Structures are given as structure tokens and as C-alpha cells.
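With mmCIF, C-alpha atoms inside, this is data_9.cif:
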```
data_coords
#
loop_
_atom_site.label_atom_id
_atom_site.label_comp_id
_atom_site.auth_asym_id
_atom_site.auth_seq_id
_atom_site.Cartn_x
_atom_site.Cartn_y
_atom_site.Cartn_z
CA MET A 1 24.77 21.39 40.61
CA ASP A 2 21.22 22.25 39.59
CA GLY A 3 20.08 18.84 40.71
CA LEU A 4 21.67 19.38 44.08
CA ILE A 5 19.89 22.70 44.53
CA ILE A 6 16.52 21.20 43.61
CA PHE A 7 17.18 18.34 46.00
CA ALA A 8 18.07 20.71 48.82
CA VAL A 9 14.97 22.82 48.17
CA LEU A 10 12.72 19.74 48.16
CA LEU A 11 14.36 18.55 51.36
CA GLY A 12 13.79 21.94 52.94
CA ILE A 13 10.15 22.09 51.85
CA GLY A 14 9.59 18.53 53.04
CA TYR A 15 11.14 19.25 56.41
CA PHE A 16 9.42 22.57 56.98
CA PHE A 17 5.90 21.69 55.81
CA GLY A 18 6.09 18.08 56.93
CA ALA A 19 7.04 18.99 60.50
CA ARG A 20 4.39 21.69 60.65
CA ALA A 21 1.69 19.42 59.29
CA GLU A 22 2.66 16.67 61.72
CA LYS A 23 2.45 19.00 64.68
CA GLN A 24 -0.96 20.30 63.64
CA HIS A 25 -2.22 16.82 62.94
CA LEU A 26 -1.14 15.53 66.35
CA LEU A 27 -2.89 18.44 68.06
CA PHE A 28 -6.00 17.85 65.99
CA LEU A 29 -5.95 14.14 66.84
CA GLN A 30 -5.64 14.89 70.54
CA HIS A 31 -8.52 17.28 70.36
CA ARG A 32 -10.76 14.75 68.61
CA GLU A 33 -9.75 11.96 70.94
CA GLN A 34 -10.93 14.11 73.87
CA ALA A 35 -14.30 14.46 72.22
CA ILE A 36 -14.96 10.72 71.91
CA LYS A 37 -13.85 9.76 75.42
CA GLY A 38 -17.16 8.13 76.34
CA LEU A 39 -16.94 5.39 73.73
CA VAL A 40 -15.74 2.01 74.98
CA LEU A 41 -13.36 0.30 72.61
CA SER A 42 -12.50 -3.35 72.65
CA THR A 43 -10.67 -5.83 70.51
CA ALA A 44 -12.52 -8.72 72.13
CA GLY A 45 -16.05 -9.81 71.39
CA ALA A 46 -15.68 -12.03 68.35
CA LYS A 47 -16.60 -15.22 70.16
CA ALA A 48 -18.03 -14.01 73.45
CA THR A 49 -21.61 -12.85 73.50
CA VAL A 50 -21.94 -9.12 73.82
CA PRO A 51 -24.10 -8.17 76.81
CA ASN A 52 -26.74 -5.44 76.71
CA ALA A 53 -26.68 -5.11 72.98
CA HIS A 54 -29.77 -4.64 70.87
CA GLN A 55 -28.44 -3.45 67.55
CA ALA A 56 -25.16 -3.81 65.75
CA GLU A 57 -23.55 -2.35 62.69
CA LEU A 58 -20.16 -2.53 61.04
CA PHE A 59 -18.04 0.62 60.99
CA VAL A 60 -14.97 1.26 58.91
CA GLY A 61 -12.46 4.07 58.99
CA SER A 62 -9.62 4.39 56.55
CA VAL A 63 -6.89 6.78 55.58
CA VAL A 64 -4.09 6.83 53.04
CA ILE A 65 -1.00 8.57 54.26
CA SER A 66 2.24 9.44 52.60
CA SER A 67 5.62 10.35 53.90
CA ASP A 68 7.23 13.67 53.02
CA PHE A 69 10.43 14.13 51.04
CA PHE A 70 12.51 14.73 54.14
CA LYS A 71 11.24 11.62 55.91
CA THR A 72 11.76 9.47 52.86
CA PHE A 73 15.33 10.70 52.59
CA VAL A 74 16.10 10.26 56.29
CA ALA A 75 14.51 6.82 56.28
CA GLY A 76 16.72 5.89 53.36
CA ILE A 77 19.79 6.78 55.38
CA MET A 78 18.50 5.12 58.56
CA ASN A 79 17.89 2.03 56.50
CA LEU A 80 21.61 1.68 55.93
CA PHE A 81 22.28 1.42 59.64
CA GLY A 82 19.21 -0.56 60.57
CA GLY A 83 17.37 -0.27 63.85
CA ARG A 84 14.38 1.90 64.53
CA ILE A 85 13.18 4.10 61.74
CA THR A 86 11.68 6.75 63.95
CA VAL A 87 10.43 8.97 61.14
CA TYR A 88 8.11 6.25 59.88
CA GLU A 89 7.00 5.26 63.37
CA SER A 90 5.42 8.65 63.91
CA LEU A 91 3.87 8.55 60.44
CA LEU A 92 2.20 5.21 61.04
CA GLU A 93 1.04 6.24 64.47
CA ARG A 94 -0.70 9.25 62.97
CA GLY A 95 -2.31 7.12 60.31
CA ARG A 96 -3.55 4.57 62.79
CA ARG A 97 -5.01 7.16 65.13
CA GLU A 98 -6.69 8.92 62.23
CA ALA A 99 -8.27 5.71 60.91
CA LEU A 100 -9.48 4.75 64.40
CA LEU A 101 -10.94 8.20 64.95
CA ARG A 102 -12.83 8.09 61.67
CA MET A 103 -14.34 4.78 62.63
CA GLU A 104 -15.21 6.02 66.11
CA GLU A 105 -16.76 9.21 64.85
CA THR A 106 -19.07 7.46 62.41
CA ALA A 107 -20.01 4.99 65.14
CA LEU A 108 -20.78 7.80 67.57
CA ALA A 109 -22.93 9.54 64.98
CA TRP A 110 -24.93 6.32 64.70
CA GLY A 111 -25.31 6.25 68.48
CA ALA A 112 -22.96 3.45 69.43
CA GLU A 113 -22.09 2.89 73.06
CA ARG A 114 -19.27 0.49 72.44
CA ILE A 115 -17.22 -0.81 69.56
CA VAL A 116 -16.20 -4.42 69.88
CA ASN A 117 -13.81 -6.62 67.96
CA ILE A 118 -11.79 -3.79 66.50
CA ARG A 119 -9.28 -4.77 63.85
CA ILE A 120 -6.58 -2.56 62.44
CA GLN A 121 -4.56 -3.32 59.37
CA THR A 122 -2.05 -1.61 57.16
CA ALA A 123 -1.50 -2.11 53.47
CA GLU A 124 1.16 -0.70 51.23
CA LEU A 125 -0.19 0.81 48.05
CA SER A 126 2.86 1.89 46.16
CA GLY A 127 3.64 -1.61 44.93
CA ASN A 128 7.16 -2.93 44.91
CA SER A 129 8.56 -0.71 42.21
CA GLY A 130 10.70 0.94 44.84
CA LYS A 131 10.29 4.40 43.36
CA GLY A 132 7.67 7.08 43.47
CA VAL A 133 5.11 7.55 46.17
CA VAL A 134 5.27 6.02 49.59
CA ALA A 135 1.59 5.45 50.24
CA LEU A 136 0.20 3.42 53.11
CA GLU A 137 -3.40 2.64 53.78
CA VAL A 138 -4.50 2.14 57.35
CA ILE A 139 -7.94 0.70 57.93
CA ALA A 140 -9.75 0.16 61.20
CA TYR A 141 -13.05 -1.64 61.52
CA GLY A 142 -15.24 -2.95 64.25
CA THR A 143 -18.81 -3.65 65.27
CA GLY A 144 -20.59 -0.83 66.97
CA VAL A 145 -23.35 -1.84 69.37
CA ARG A 146 -26.08 0.07 71.08
CA MET B 1 -18.37 4.26 55.74
CA THR B 2 -21.60 2.80 56.96
CA VAL B 3 -22.50 0.96 53.78
CA GLN B 4 -25.75 2.86 53.51
CA PRO B 5 -25.94 3.35 49.73
CA ARG B 6 -27.48 -0.10 49.37
CA SER B 7 -30.94 -0.27 47.92
CA SER B 8 -33.40 0.95 50.50
CA ALA B 9 -35.34 -2.30 50.70
CA SER B 10 -32.37 -4.30 51.91
CA THR B 11 -31.70 -4.31 55.60
CA ILE B 12 -28.75 -6.60 55.78
CA ILE B 13 -26.91 -6.29 59.06
CA LEU B 14 -23.14 -6.47 58.91
CA THR B 15 -20.99 -7.30 61.91
CA ASN B 16 -17.46 -8.49 62.32
CA ILE B 17 -18.27 -10.59 65.37
CA GLU B 18 -19.66 -14.11 65.30
CA THR B 19 -23.15 -13.16 66.35
CA VAL B 20 -25.68 -10.45 65.71
CA PRO B 21 -26.39 -8.81 69.07
CA GLY B 22 -30.06 -8.79 69.95
CA LYS B 23 -30.85 -11.54 67.45
CA THR B 24 -30.33 -15.26 67.10
CA ILE B 25 -28.85 -16.98 64.09
CA THR B 26 -31.25 -19.54 62.68
CA GLN B 27 -29.47 -20.60 59.52
CA GLN B 28 -25.93 -20.54 58.18
CA LEU B 29 -25.72 -19.83 54.47
CA GLY B 30 -22.01 -20.03 53.81
CA LEU B 31 -19.22 -17.81 52.63
CA VAL B 32 -20.02 -14.66 50.70
CA GLN B 33 -17.48 -12.36 49.14
CA GLY B 34 -17.09 -9.28 47.04
CA SER B 35 -14.10 -7.60 45.51
CA SER B 36 -13.20 -4.54 43.51
CA VAL B 37 -9.98 -3.68 41.72
CA ARG B 38 -9.36 0.01 41.25
CA ALA B 39 -6.68 2.00 39.61
CA LYS B 40 -5.91 5.59 40.30
CA HIS B 41 -6.04 7.84 37.29
CA LEU B 42 -3.00 9.71 36.16
CA GLY B 43 -4.08 13.07 37.52
CA ARG B 44 -4.41 11.66 40.99
CA ASP B 45 -1.09 9.92 40.64
CA ILE B 46 0.60 13.19 39.77
CA ALA B 47 -1.15 14.99 42.60
CA ALA B 48 -0.08 12.23 44.96
CA GLY B 49 3.48 12.50 43.70
CA LEU B 50 3.46 16.19 44.56
CA LYS B 51 1.86 15.55 47.91
CA ASN B 52 4.67 13.13 48.59
CA ILE B 53 7.02 16.09 48.95
CA VAL B 54 5.16 17.63 51.87
CA GLY B 55 3.61 14.43 53.24
CA GLY B 56 0.28 13.97 54.93
CA GLU B 57 -2.96 12.42 53.86
CA LEU B 58 -3.53 11.56 50.20
CA LYS B 59 -7.21 12.46 50.12
CA GLY B 60 -7.71 11.33 46.53
CA TYR B 61 -6.49 7.84 47.34
CA THR B 62 -8.46 7.68 50.57
CA GLU B 63 -11.67 8.43 48.70
CA LEU B 64 -10.81 6.04 45.90
CA LEU B 65 -10.19 3.16 48.25
CA GLN B 66 -13.25 4.00 50.30
CA GLU B 67 -15.43 3.87 47.19
CA ALA B 68 -13.80 0.63 46.16
CA ARG B 69 -14.40 -0.86 49.58
CA GLU B 70 -18.03 0.21 49.48
CA GLU B 71 -18.37 -1.47 46.12
CA ALA B 72 -16.75 -4.66 47.37
CA THR B 73 -19.07 -4.60 50.36
CA SER B 74 -22.15 -4.06 48.24
CA ARG B 75 -21.15 -6.96 45.99
CA MET B 76 -20.79 -9.13 49.06
CA VAL B 77 -24.21 -7.96 50.25
CA LYS B 78 -25.74 -8.81 46.87
CA ASP B 79 -24.21 -12.26 47.03
CA ALA B 80 -25.75 -12.71 50.48
CA GLN B 81 -29.17 -11.49 49.34
CA LYS B 82 -29.12 -14.00 46.52
CA ARG B 83 -28.84 -16.71 49.15
CA GLY B 84 -31.69 -15.23 51.13
CA ALA B 85 -29.61 -13.97 54.02
CA ASN B 86 -30.53 -11.01 56.16
CA ALA B 87 -27.20 -10.59 57.95
CA ILE B 88 -23.50 -11.16 57.37
CA VAL B 89 -21.34 -12.00 60.35
CA ASN B 90 -17.60 -12.13 60.76
CA VAL B 91 -16.91 -9.67 57.97
CA ARG B 92 -13.22 -9.24 57.08
CA PHE B 93 -11.51 -6.76 54.81
CA ALA B 94 -8.31 -7.14 52.87
CA THR B 95 -6.36 -4.75 50.67
CA SER B 96 -3.65 -5.86 48.33
CA SER B 97 -1.66 -3.77 45.98
CA LEU B 98 -1.40 -5.46 42.61
CA THR B 99 0.92 -3.13 40.77
CA GLN B 100 1.91 0.43 41.40
CA GLY B 101 -1.32 1.75 39.94
CA ALA B 102 -3.95 -0.66 41.16
CA ALA B 103 -5.25 -2.07 44.39
CA GLU B 104 -7.70 -4.82 45.14
CA LEU B 105 -10.20 -4.36 47.92
CA PHE B 106 -11.76 -7.51 49.16
CA ALA B 107 -14.54 -8.16 51.65
CA TYR B 108 -15.78 -11.52 52.86
CA GLY B 109 -18.02 -12.90 55.55
CA THR B 110 -20.54 -15.55 56.49
CA ALA B 111 -24.11 -15.06 55.35
CA VAL B 112 -26.72 -16.00 57.93
CA ARG B 113 -30.39 -15.69 58.60
CA VAL B 114 -31.27 -14.10 61.91
CA GLU B 115 -34.48 -13.64 63.78
#
```

In C-alpha cells, how does this file's structure come out?
Amino acid sequence: MDGLIIFAVLLGIGYFFGARAEKQHLLFLQHREQAIKGLVLSTAGAKATVPNAHQAELFVGSVVISSDFFKTFVAGIMNLFGGRITVYESLLERGRREALLRMEETALAWGAERIVNIRIQTAELSGNSGKGVVALEVIAYGTGVR
Amino acid sequence: MTVQPRSSASTIILTNIETVPGKTITQQLGLVQGSSVRAKHLGRDIAAGLKNIVGGELKGYTELLQEAREEATSRMVKDAQKRGANAIVNVRFATSSLTQGAAELFAYGTAVRVE
């Protein structure tokens, strides 16, 4: 019985704080994305020559994100039925946007006009023990030119 | 991360494209690489476990991996300097989780001389 109460409380905390944090984060992301509108982003440029470029530098942005208790629980249930696991989709989207923004902001501070050959990758950190923390690292990197 | 904390004398240019804009490659010096394996200490693990209830960014881990990536990058840069390079092109990063507590950060690229 005690276990059930603790579980319910954790679920409640996860849902309440998780949803609130997600909302705030999405707003914050939107706000920051407005601010960097001028920067041209491209995934091409590895083999083509980059026109009008005088200086280049590598920029990296990374973030480690974790899911909340509620999402982990819901994902566990969704996993039984298969299909889209919507709770994790939004989590990864947030992580990816955050990592991209960090890269873009450091590039802008350096004075970049464009970022070419952007690469985004995700790595799981929690190992395959199956228990404990769900931690994902999202990293974005690219060459800023000016 | 802009890989600035390298020694001030070095001005190695890093790019992840095949050229260095504004310069021409005069010499290819081969593959250079650097890696760093880091483990999180227990305190951070516990903090992360708690953070896992409410979700969001695990700042401790972000910093840890960032430091590790900087170290991997600086090792790669040192390798390149040993060969007399002044730029590294086509830099790639990889992260792999070894066990629950440790992650390997790996950076590799092609050392070149540019003018």
C-alpha cells in the first residue's frame, strides 16, 4: 500500500512538474529561435566549396536530457501496444532544438553568417541496464563561416 | 564549445567540411583522433536519479560530457600538431555509452596543412 502511494505521488510530481517544465522550455526555445533568425543553416557544404567565406570554425552544442517519471511510466505502457511513443517524441524534439540553439548561439557570438554541414546525433547514456535514469545526449555540430 | 582552451600559440582551425574556407589545402597529413572516457561520480548520479522524476536537462551530465568532448578534441589537436598540421578538416564526433556509469567521447578528423 505504501509503495502504491509513493508511486502515485511520484507520478503526480512527474506529471505536474514535467508538463510545466516542458511548456516553459518550449516557450523559451521559441523565443530564442526568434532571436537567431538571421543565421542561415545548412546541412550541405561538405563537398561543395563554400562561397564568400573567409574564416571558418567548428561549433558544437550539446545537451543531456532526461524523461520525467510520468513519461517513463506512460512510455512503458505505450511500449506494450507499440506504435508512436508520443511522450518521447516531444522530449527528443526539445533536446534537438536545445542542442541546435546552443550551437547557433555560440556561432552567432563568434560572428558567423552561416553554418554549413550541420550534423545532429543522439546517444543514449544510461547503458543497457534497463533500470535507473533515462538519459539521452543530443549533440549538434557544424562549421560556422564568416 | 569553441575549443578555445588550447594553448594560445596554437591556431589550429577545425571544420567539419572538406575544405577550409578562405584557404587552400597544400598537404594531407592523415587521420588524427582523440578520445576521452568519463564516468559520472556518485553524487551526480544520485542527483540525476532525482532529476529523473521531474525530467528536463541533466546539467551535471551536460557539463561532464562537454568537458570530455573538449578533452577529446584537444587530444586530437595535439596529435595534429605533432604532425605539423595547422588545420583539421572533416571533424566527426561520436559518443558511446560503455556501461551505465561511463561514456566515451571520441573525435576524429583529417589533419592538413593550409595556406

Could you list, as a compact mmCIF listing (two decimals) with C-alpha atoms, in the frame of the given file, every residue of chain A that has an atom within 7 Å of an atom of chain B, counting only C-alpha atoms?
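Okay, part02.txt is ready:
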```txt
# COMPACT_ATOMS: atom_id res chain seq x y z
CA LEU A 10 12.72 19.74 48.16
CA ILE A 13 10.15 22.09 51.85
CA GLY A 14 9.59 18.53 53.04
CA PHE A 17 5.90 21.69 55.81
CA GLY A 18 6.09 18.08 56.93
CA GLY A 45 -16.05 -9.81 71.39
CA ALA A 46 -15.68 -12.03 68.35
CA LYS A 47 -16.60 -15.22 70.16
CA VAL A 50 -21.94 -9.12 73.82
CA ALA A 53 -26.68 -5.11 72.98
CA HIS A 54 -29.77 -4.64 70.87
CA GLN A 55 -28.44 -3.45 67.55
CA ALA A 56 -25.16 -3.81 65.75
CA GLU A 57 -23.55 -2.35 62.69
CA LEU A 58 -20.16 -2.53 61.04
CA PHE A 59 -18.04 0.62 60.99
CA VAL A 60 -14.97 1.26 58.91
CA GLY A 61 -12.46 4.07 58.99
CA SER A 62 -9.62 4.39 56.55
CA VAL A 63 -6.89 6.78 55.58
CA VAL A 64 -4.09 6.83 53.04
CA ILE A 65 -1.00 8.57 54.26
CA SER A 66 2.24 9.44 52.60
CA SER A 67 5.62 10.35 53.90
CA ASP A 68 7.23 13.67 53.02
CA PHE A 69 10.43 14.13 51.04
CA ASN A 117 -13.81 -6.62 67.96
CA ALA A 123 -1.50 -2.11 53.47
CA GLU A 124 1.16 -0.70 51.23
CA LEU A 125 -0.19 0.81 48.05
CA SER A 126 2.86 1.89 46.16
CA GLY A 127 3.64 -1.61 44.93
CA SER A 129 8.56 -0.71 42.21
CA GLY A 132 7.67 7.08 43.47
CA VAL A 133 5.11 7.55 46.17
CA GLY A 142 -15.24 -2.95 64.25
CA THR A 143 -18.81 -3.65 65.27
```

Original post:
What lies within 8 Å of Ala112 in chain A using all atoms listed in the file, ignoring chain neighbours under 6 positions off, as a PyMOL selection string?
Top reply: chain A and resi 39+144-146

Subject >> Residues within 12 Å of Asn86 in chain B, all atoms listed in the file, excluding chain neighbours under 2 positions, as an NGL selection string >> reply: :B and (9-15 or 20 or 23-29 or 77-84 or 88-89 or 110-115)

Original post:
Please, what distance in Å, to one decimal, runs between CA of Val116 in chain A and CA of Ala87 in chain B?
Top reply: 17.4 Å

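Residue nearest Leu136 in chain A within the list A:Gln121, A:Thr86, A:Asn79, A:Thr43: A:Gln121 [criterion: smallest interatomic distance, only C-alpha atoms].
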
5 Å per side around range 25-29 of chain B: axis-aligned box centre and edge lengths, as lines of an AutoDock Vina configuration file:
```
center_x = -28.5
center_y = -18.8
center_z = 59.3
size_x = 15.5
size_y = 13.6
size_z = 19.6
```

**OP:** Pick out the residues sitting within 10 Å of Glu33 in chain A, and hand them over as a VMD selection string; count all atoms listed in the file, and ignore anything fewer than 6 positions along from it in its own chain.
**Re:** chain A and resid 27 97 to 98 100 to 101 104 to 105

Subject >> Spatial sel., origin (-0.6, 16.5, 66.7), limit 12 Å, all atoms listed in the file, listed as a PyMOL selection string >> reply: chain A and resi 18-33+90-91+93-95+97-98

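Take CA of Gly30 in chain B and CA of Arg75 in chain B: the distance between them is 15.3 Å.
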